[in-house]
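J.: Structure file entry-v1.txt, compact mmCIF, C-alpha atoms (C1' of nucleotides), is pasted below:
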```
# COMPACT_ATOMS: atom_id res chain seq x y z
CA MET A 1 -14.25 30.95 -74.28
CA ARG A 2 -13.30 33.75 -76.68
CA SER A 3 -10.87 36.33 -75.40
CA SER A 4 -11.92 36.81 -71.82
CA ARG A 5 -9.01 39.14 -71.33
CA SER A 6 -10.21 41.93 -73.55
CA GLU A 7 -13.84 41.25 -72.59
CA LEU A 8 -13.13 41.74 -68.91
CA LEU A 9 -11.01 44.80 -69.49
CA ARG A 10 -13.74 46.24 -71.70
CA ILE A 11 -16.29 45.76 -68.91
CA TYR A 12 -13.93 47.43 -66.46
CA ASP A 13 -13.38 50.43 -68.72
CA LEU A 14 -17.07 50.90 -69.40
CA LEU A 15 -18.02 50.69 -65.72
CA LEU A 16 -15.21 52.98 -64.60
CA ASN A 17 -16.19 55.48 -67.25
CA ALA A 18 -19.86 55.30 -66.26
CA TYR A 19 -19.54 55.41 -62.46
CA GLY A 20 -16.08 56.73 -61.72
CA LYS A 21 -13.78 55.52 -58.97
CA GLN A 22 -15.57 53.97 -55.99
CA ASN A 23 -12.67 54.06 -53.52
CA TRP A 24 -13.61 50.93 -51.66
CA TRP A 25 -13.54 49.74 -48.89
CA PRO A 26 -15.53 52.60 -47.29
CA VAL A 27 -14.11 53.47 -43.86
CA ASP A 28 -14.20 56.57 -41.70
CA LYS A 29 -10.53 57.57 -41.66
CA GLU A 30 -11.11 60.69 -39.62
CA TYR A 31 -12.78 58.68 -36.89
CA HIS A 32 -9.87 56.26 -36.64
CA LYS A 33 -7.38 59.10 -36.69
CA SER A 34 -9.10 60.72 -33.75
CA GLN A 35 -9.33 57.41 -31.89
CA GLY A 36 -5.86 56.20 -32.74
CA THR A 37 -7.34 53.00 -34.14
CA ASP A 38 -6.50 51.12 -37.34
CA PRO A 39 -8.99 51.73 -40.16
CA ARG A 40 -8.16 48.31 -41.63
CA GLU A 41 -9.82 46.78 -38.59
CA GLU A 42 -13.07 48.40 -39.67
CA VAL A 43 -12.78 46.56 -42.99
CA VAL A 44 -12.68 43.22 -41.19
CA ILE A 45 -15.62 44.13 -38.97
CA GLY A 46 -17.65 45.51 -41.86
CA ALA A 47 -16.94 42.47 -44.02
CA ILE A 48 -18.58 40.18 -41.48
CA LEU A 49 -21.47 42.49 -40.74
CA THR A 50 -22.37 42.88 -44.40
CA GLN A 51 -22.77 39.18 -45.14
CA ASN A 52 -26.09 38.88 -46.97
CA THR A 53 -27.08 42.25 -45.55
CA SER A 54 -27.63 45.67 -47.06
CA TRP A 55 -24.89 48.20 -46.40
CA ARG A 56 -27.49 50.60 -45.04
CA ASN A 57 -28.17 48.25 -42.15
CA VAL A 58 -24.46 47.64 -41.61
CA GLU A 59 -23.91 51.38 -41.27
CA LYS A 60 -26.31 51.51 -38.34
CA ALA A 61 -24.41 48.75 -36.59
CA ILE A 62 -21.06 50.41 -37.28
CA SER A 63 -22.45 53.69 -36.02
CA ASN A 64 -23.48 51.99 -32.75
CA LEU A 65 -19.99 50.57 -32.36
CA LYS A 66 -18.47 53.98 -32.98
CA GLU A 67 -20.63 55.66 -30.38
CA ASN A 68 -19.32 53.20 -27.84
CA LYS A 69 -15.74 53.47 -29.11
CA LEU A 70 -15.74 49.78 -29.91
CA LEU A 71 -14.97 49.91 -33.65
CA SER A 72 -11.64 48.10 -33.36
CA PHE A 73 -10.32 44.61 -32.69
CA LYS A 74 -9.64 45.57 -29.10
CA GLY A 75 -13.14 46.94 -28.73
CA ILE A 76 -14.84 43.86 -30.15
CA LEU A 77 -12.83 41.54 -27.94
CA SER A 78 -13.42 43.59 -24.80
CA VAL A 79 -17.19 44.05 -25.04
CA GLU A 80 -19.55 41.48 -23.57
CA LEU A 81 -21.11 39.14 -26.11
CA GLU A 82 -24.66 40.13 -25.22
CA GLU A 83 -23.86 43.82 -25.50
CA LEU A 84 -22.20 43.25 -28.84
CA LYS A 85 -25.33 41.48 -30.09
CA ALA A 86 -27.45 44.46 -29.08
CA LEU A 87 -25.13 46.93 -30.80
CA ILE A 88 -24.98 45.10 -34.12
CA LYS A 89 -28.64 44.11 -34.13
CA PRO A 90 -29.60 46.34 -37.08
CA ALA A 91 -27.22 44.34 -39.30
CA GLY A 92 -29.28 41.17 -38.84
CA TYR A 93 -28.14 37.63 -37.95
CA TYR A 94 -26.80 39.32 -34.85
CA ASN A 95 -26.46 36.15 -32.76
CA GLN A 96 -24.18 34.53 -35.34
CA LYS A 97 -22.34 37.67 -36.29
CA ALA A 98 -21.49 38.66 -32.72
CA LYS A 99 -19.89 35.29 -32.08
CA ARG A 100 -18.15 35.29 -35.42
CA LEU A 101 -16.72 38.76 -34.94
CA LYS A 102 -15.05 37.65 -31.73
CA GLU A 103 -13.99 34.35 -33.27
CA VAL A 104 -12.50 35.85 -36.42
CA ILE A 105 -10.75 38.71 -34.64
CA GLY A 106 -9.48 36.43 -31.90
CA ARG A 107 -7.97 34.08 -34.44
CA THR A 108 -6.49 36.59 -36.84
CA GLY A 109 -5.00 38.49 -33.92
CA SER A 110 -4.07 41.62 -35.83
CA VAL A 111 -4.51 43.01 -39.31
CA ASP A 112 -0.82 42.48 -39.85
CA GLY A 113 -1.52 38.82 -39.18
CA LEU A 114 -3.53 38.88 -42.39
CA LYS A 115 -0.38 39.71 -44.31
CA SER A 116 1.00 36.25 -43.68
CA ALA A 117 -2.17 34.18 -43.27
CA SER A 118 -3.03 31.82 -46.11
CA ARG A 119 -6.44 31.95 -47.72
CA LYS A 120 -6.99 28.39 -46.58
CA GLU A 121 -6.31 29.35 -42.98
CA LEU A 122 -8.87 32.13 -43.20
CA LEU A 123 -11.44 29.73 -44.63
CA SER A 124 -10.97 27.44 -41.65
CA ILE A 125 -12.31 30.14 -39.35
CA LYS A 126 -16.05 29.85 -38.75
CA GLY A 127 -17.66 32.90 -40.28
CA ILE A 128 -15.19 33.36 -43.13
CA GLY A 129 -16.24 31.93 -46.46
CA ASP A 130 -14.86 32.51 -49.95
CA GLU A 131 -15.98 36.08 -50.41
CA THR A 132 -15.12 37.29 -46.93
CA ALA A 133 -11.68 35.70 -47.15
CA ASP A 134 -10.98 37.58 -50.35
CA VAL A 135 -12.35 40.84 -48.98
CA LEU A 136 -9.99 40.59 -46.01
CA LEU A 137 -7.03 39.76 -48.22
CA LEU A 138 -7.71 42.48 -50.78
CA TYR A 139 -9.12 45.38 -48.78
CA ALA A 140 -7.60 44.86 -45.34
CA ALA A 141 -4.26 43.27 -46.19
CA ASP A 142 -3.64 44.78 -49.66
CA ARG A 143 -3.05 41.37 -51.16
CA LEU A 144 -3.83 40.53 -54.79
CA SER A 145 -6.92 38.37 -54.36
CA PHE A 146 -9.94 39.00 -56.57
CA VAL A 147 -13.33 39.10 -54.86
CA ILE A 148 -16.32 37.33 -56.39
CA ASP A 149 -19.85 37.87 -55.14
CA THR A 150 -23.38 37.13 -56.32
CA TYR A 151 -23.39 40.38 -58.28
CA THR A 152 -20.22 39.48 -60.14
CA LYS A 153 -21.59 36.03 -60.92
CA ARG A 154 -24.80 37.53 -62.23
CA ILE A 155 -23.09 40.13 -64.41
CA VAL A 156 -20.56 37.72 -65.90
CA LYS A 157 -23.33 35.25 -66.63
CA ARG A 158 -25.55 37.80 -68.34
CA VAL A 159 -22.97 39.85 -70.17
CA LEU A 160 -20.49 37.17 -71.22
CA GLY A 161 -22.58 34.02 -70.84
CA ILE A 162 -20.03 32.58 -68.44
CA SER A 163 -21.10 30.72 -65.32
CA GLY A 164 -19.02 28.78 -62.87
CA SER A 165 -18.17 28.10 -59.27
CA TYR A 166 -16.62 30.72 -57.04
CA ASP A 167 -13.14 29.36 -57.61
CA GLU A 168 -13.61 29.12 -61.35
CA LEU A 169 -14.69 32.73 -61.66
CA LYS A 170 -11.98 33.94 -59.32
CA THR A 171 -9.43 32.16 -61.49
CA LEU A 172 -10.98 33.63 -64.64
CA PHE A 173 -10.50 37.18 -63.37
CA GLU A 174 -7.07 36.63 -61.89
CA ALA A 175 -5.78 34.95 -65.03
CA ASN A 176 -7.02 37.71 -67.30
CA LEU A 177 -6.44 40.93 -65.41
CA PRO A 178 -3.19 42.78 -64.82
CA LYS A 179 -1.74 42.20 -61.35
CA ASP A 180 -2.87 45.56 -60.12
CA LEU A 181 -4.13 46.02 -56.58
CA GLU A 182 -6.10 49.20 -57.28
CA MET A 183 -7.76 47.62 -60.28
CA TYR A 184 -8.85 44.58 -58.28
CA LYS A 185 -10.34 46.85 -55.65
CA GLU A 186 -12.10 49.11 -58.11
CA PHE A 187 -13.37 46.34 -60.36
CA HIS A 188 -15.18 44.56 -57.54
CA ALA A 189 -16.65 47.82 -56.26
CA LEU A 190 -17.80 48.77 -59.77
CA MET A 191 -19.51 45.40 -60.22
CA ASP A 192 -21.40 46.06 -57.03
CA GLU A 193 -22.47 49.50 -58.15
CA HIS A 194 -23.50 48.22 -61.55
CA ALA A 195 -25.60 45.40 -60.10
CA LYS A 196 -27.44 47.89 -57.94
CA ARG A 197 -28.12 50.38 -60.69
CA PHE A 198 -28.81 48.25 -63.76
CA CYS A 199 -27.99 44.57 -63.48
CA ARG A 200 -30.52 43.87 -60.76
CA LYS A 201 -32.32 40.62 -60.34
CA ASN A 202 -34.85 42.11 -62.71
CA PRO A 203 -32.44 43.96 -64.98
CA VAL A 204 -32.91 47.54 -66.11
CA CYS A 205 -31.33 47.41 -69.55
CA GLY A 206 -32.28 50.85 -70.82
CA GLY A 207 -29.22 53.09 -70.50
CA CYS A 208 -27.01 50.26 -69.27
CA PRO A 209 -23.33 51.09 -69.85
CA LEU A 210 -22.65 47.47 -70.85
CA ARG A 211 -25.39 47.32 -73.49
CA SER A 212 -22.94 47.32 -76.38
CA LEU A 213 -21.37 44.02 -75.39
CA CYS A 214 -24.04 42.29 -73.30
CA LEU A 215 -25.27 38.96 -74.64
CA SER A 216 -28.67 39.30 -73.00
CA VAL A 217 -29.93 42.85 -73.41
CA LYS A 218 -33.66 43.11 -73.48
C1' DC B 1 -48.46 41.40 -48.04
C1' DC B 2 -44.34 40.28 -50.77
C1' DC B 3 -39.12 40.32 -51.97
C1' DC B 4 -34.41 41.55 -51.31
C1' DA B 5 -29.83 42.66 -49.22
C1' DG B 6 -21.96 43.36 -50.68
C1' DG B 7 -22.90 35.00 -47.21
C1' DC B 8 -21.94 31.24 -44.37
C1' DC B 9 -22.69 26.87 -42.01
C1' DG B 10 -24.38 22.23 -41.37
C1' DC B 11 -26.80 18.84 -43.24
C1' DG B 12 -28.28 15.22 -46.62
C1' DC B 13 -27.29 13.17 -50.83
C1' DG C 1 -19.00 18.10 -54.75
C1' DC C 2 -23.87 20.45 -54.89
C1' DG C 3 -28.54 21.94 -53.08
C1' DC C 4 -31.18 23.32 -49.32
C1' DG C 5 -32.97 25.53 -44.90
C1' DG C 6 -31.80 28.58 -41.24
C1' DC C 7 -30.15 32.82 -39.72
C1' DA C 8 -32.78 38.54 -38.89
C1' DT C 9 -33.11 43.37 -39.64
C1' DG C 10 -34.87 47.33 -42.39
C1' DG C 11 -36.26 49.31 -46.95
C1' DG C 12 -38.91 49.24 -51.21
```
Kindly present the structure from the file in C-alpha cells form.
T.:
Amino acid sequence: MRSSRSELLRIYDLLLNAYGKQNWWPVDKEYHKSQGTDPREEVVIGAILTQNTSWRNVEKAISNLKENKLLSFKGILSVELEELKALIKPAGYYNQKAKRLKEVIGRTGSVDGLKSASRKELLSIKGIGDETADVLLLYAADRLSFVIDTYTKRIVKRVLGISGSYDELKTLFEANLPKDLEMYKEFHALMDEHAKRFCRKNPVCGGCPLRSLCLSVK
DNA sequence: CCCCAGGCCGCGC
DNA sequence: GCGCGGCATGGG
C-alpha cells in the first residue's frame, strides 16, 4: 500500500495546521491541585464514561463526581454503587459503567500500576476493550500505544482507502510514525476533531483540510 | 419522529 | 474470527 509513512505524516501535518494542538486528554488540573488528587485518575474515569457517548454528556457526569469530591480512584471505590449510578447517569449505560468503573479501578489499583500492566492484562478486565486499553496506556500512563477509534477508521478508509481490523490499523500507525508520545496523543485528538468537523458520517467535503489528498472527495 | 455519540460484552455462527 | 443486539442519556 503505497508509502503509508508519508501519507500519514501528511495527514498529521494538515490536521495540526488546520486545528492546532488539542492538548488531550482534557482534565481539570486546577481541581485536582486543590483536592490533592491525581489528574491521571480522571483520564481513566473519563475513558470509561465516554464509551459510545458524547463528551458533552460525560462532562455532566464528571461534574457530578466533582461536586461530591469523588473524581478519584479512592472516591469511586468508596461511594455506594447505587449512588455512583445516579451520579453518572447523564453519561448513559450507567448500570454497566458504574460497575465497570469499580471493577477497572479495583483491578488496576493505581495509575502507577498502569505503567507496568500489559495491554493484554488490561483487556482481560471487563469494561476495557481495545480503544480504552490504548487510551489508558497513552493518556494515563504515557506509554507509546496508538489509539484507534471509529473516527480514525472512517478517515483512513475515506482518505487513503485503507480498511482493516483494530489491530491492523494500530500496527499501521505504529509502524509508520515516529516513536513520539506527544505526536501519538495529538494525532488521535486531531482525528477526533476532524471527524466532528468534516469527516462526519455524512461528510462535509467543502473546505476540508484533507481535500488535496483524499481519495473520496465529493 | 428520526439519528448519533471519543465502545464493550456475550452470543451465535 | 466476525456480525449482531443490548446497553441509555441528551442534543441536533
J.: Rank A:Ala140, A:Tyr93, A:Ser4, A:His188 by their smallest atom-to-atom distance to C:DG6, using all atoms listed in the file, and report the top residue only.
T.: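 Closest to C:DG6, using all atoms listed in the file: A:Tyr93.
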J.: What gap, in Å, lies between atom CA of A:Lys89 and atom CA of A:Asn64?
T.: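 Taking atom CA of A:Lys89 as the start and atom CA of A:Asn64 as the end point, the length is 9.5 Å.
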J.: Counting only C-alpha atoms (C1' of nucleotides), which of A:Lys97, A:Arg143, A:Lys179, A:Arg211 gets nearest to chain B?
T.: A:Lys97
J.: Do you have the atom CA of A:Ala98-atom CA of A:Leu81 distance handy?
T.: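 Distance between the two atoms: 6.6 Å.
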J.: Have a look at atom CA of A:Met183 and atom CA of A:Val159 and let me know their distance in Å, one decimal.
T.: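 Atom CA of A:Met183 sits 19.7 Å away from atom CA of A:Val159.
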J.: Please determine the contact residues of chain C with respect to chain A at a cut-off of 12 Å, counting all atoms listed in the file, and supply them as a ChimeraX atom specification.
T.: /C:1-2,6-11
J.: Give me, as a PDB file with C-alpha atoms (C1' of nucleotides), in the coordinates of the input, the contact residues of chain B against chain A at a cut-off of 8 Å, counting all atoms listed in the file.
T.:
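Writing the result to out39.pdb gives the following:
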```pdb
ATOM      1  C1'  DA B   5     -29.830  42.660 -49.220  1.00  0.00           C
ATOM      2  C1'  DG B   6     -21.960  43.360 -50.680  1.00  0.00           C
ATOM      3  C1'  DG B   7     -22.900  35.000 -47.210  1.00  0.00           C
ATOM      4  C1'  DC B   8     -21.940  31.240 -44.370  1.00  0.00           C
ATOM      5  C1'  DC B   9     -22.690  26.870 -42.010  1.00  0.00           C
TER       6       DC B   9
END
```
J.: I need every residue sitting at most 12 Å from the point (-14.9, 50.9, -28.2) (coordinates as in the file, all atoms listed in the file considered), written as a ChimeraX atom specification.
T.: /A:31-32,35-37,42,62-80,83-84,87
J.: With C-alpha atoms retained, export the selected residues as a short mmCIF file (atom, residue, chain, number, x, y, z; two decimals), keeping the file's coordinate frame.
T.:
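Output contents, as saved in part_20.cif:
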```
data_model
loop_
_atom_site.label_atom_id
_atom_site.label_comp_id
_atom_site.auth_asym_id
_atom_site.auth_seq_id
_atom_site.Cartn_x
_atom_site.Cartn_y
_atom_site.Cartn_z
CA TYR A 31 -12.78 58.68 -36.89
CA HIS A 32 -9.87 56.26 -36.64
CA GLN A 35 -9.33 57.41 -31.89
CA GLY A 36 -5.86 56.20 -32.74
CA THR A 37 -7.34 53.00 -34.14
CA GLU A 42 -13.07 48.40 -39.67
CA ILE A 62 -21.06 50.41 -37.28
CA SER A 63 -22.45 53.69 -36.02
CA ASN A 64 -23.48 51.99 -32.75
CA LEU A 65 -19.99 50.57 -32.36
CA LYS A 66 -18.47 53.98 -32.98
CA GLU A 67 -20.63 55.66 -30.38
CA ASN A 68 -19.32 53.20 -27.84
CA LYS A 69 -15.74 53.47 -29.11
CA LEU A 70 -15.74 49.78 -29.91
CA LEU A 71 -14.97 49.91 -33.65
CA SER A 72 -11.64 48.10 -33.36
CA PHE A 73 -10.32 44.61 -32.69
CA LYS A 74 -9.64 45.57 -29.10
CA GLY A 75 -13.14 46.94 -28.73
CA ILE A 76 -14.84 43.86 -30.15
CA LEU A 77 -12.83 41.54 -27.94
CA SER A 78 -13.42 43.59 -24.80
CA VAL A 79 -17.19 44.05 -25.04
CA GLU A 80 -19.55 41.48 -23.57
CA GLU A 83 -23.86 43.82 -25.50
CA LEU A 84 -22.20 43.25 -28.84
CA LEU A 87 -25.13 46.93 -30.80
#
```
J.: Neighbouring residues of A:Glu7 were defined as those with any atom within 12 Å, considering all atoms listed in the file; residues of the same chain fewer than 4 positions away were excluded. Please report them as a VMD selection string.
T.: chain A and resid 1 to 3 11 to 14 156 159 to 162 172 to 173 176 to 177 210 212 to 215
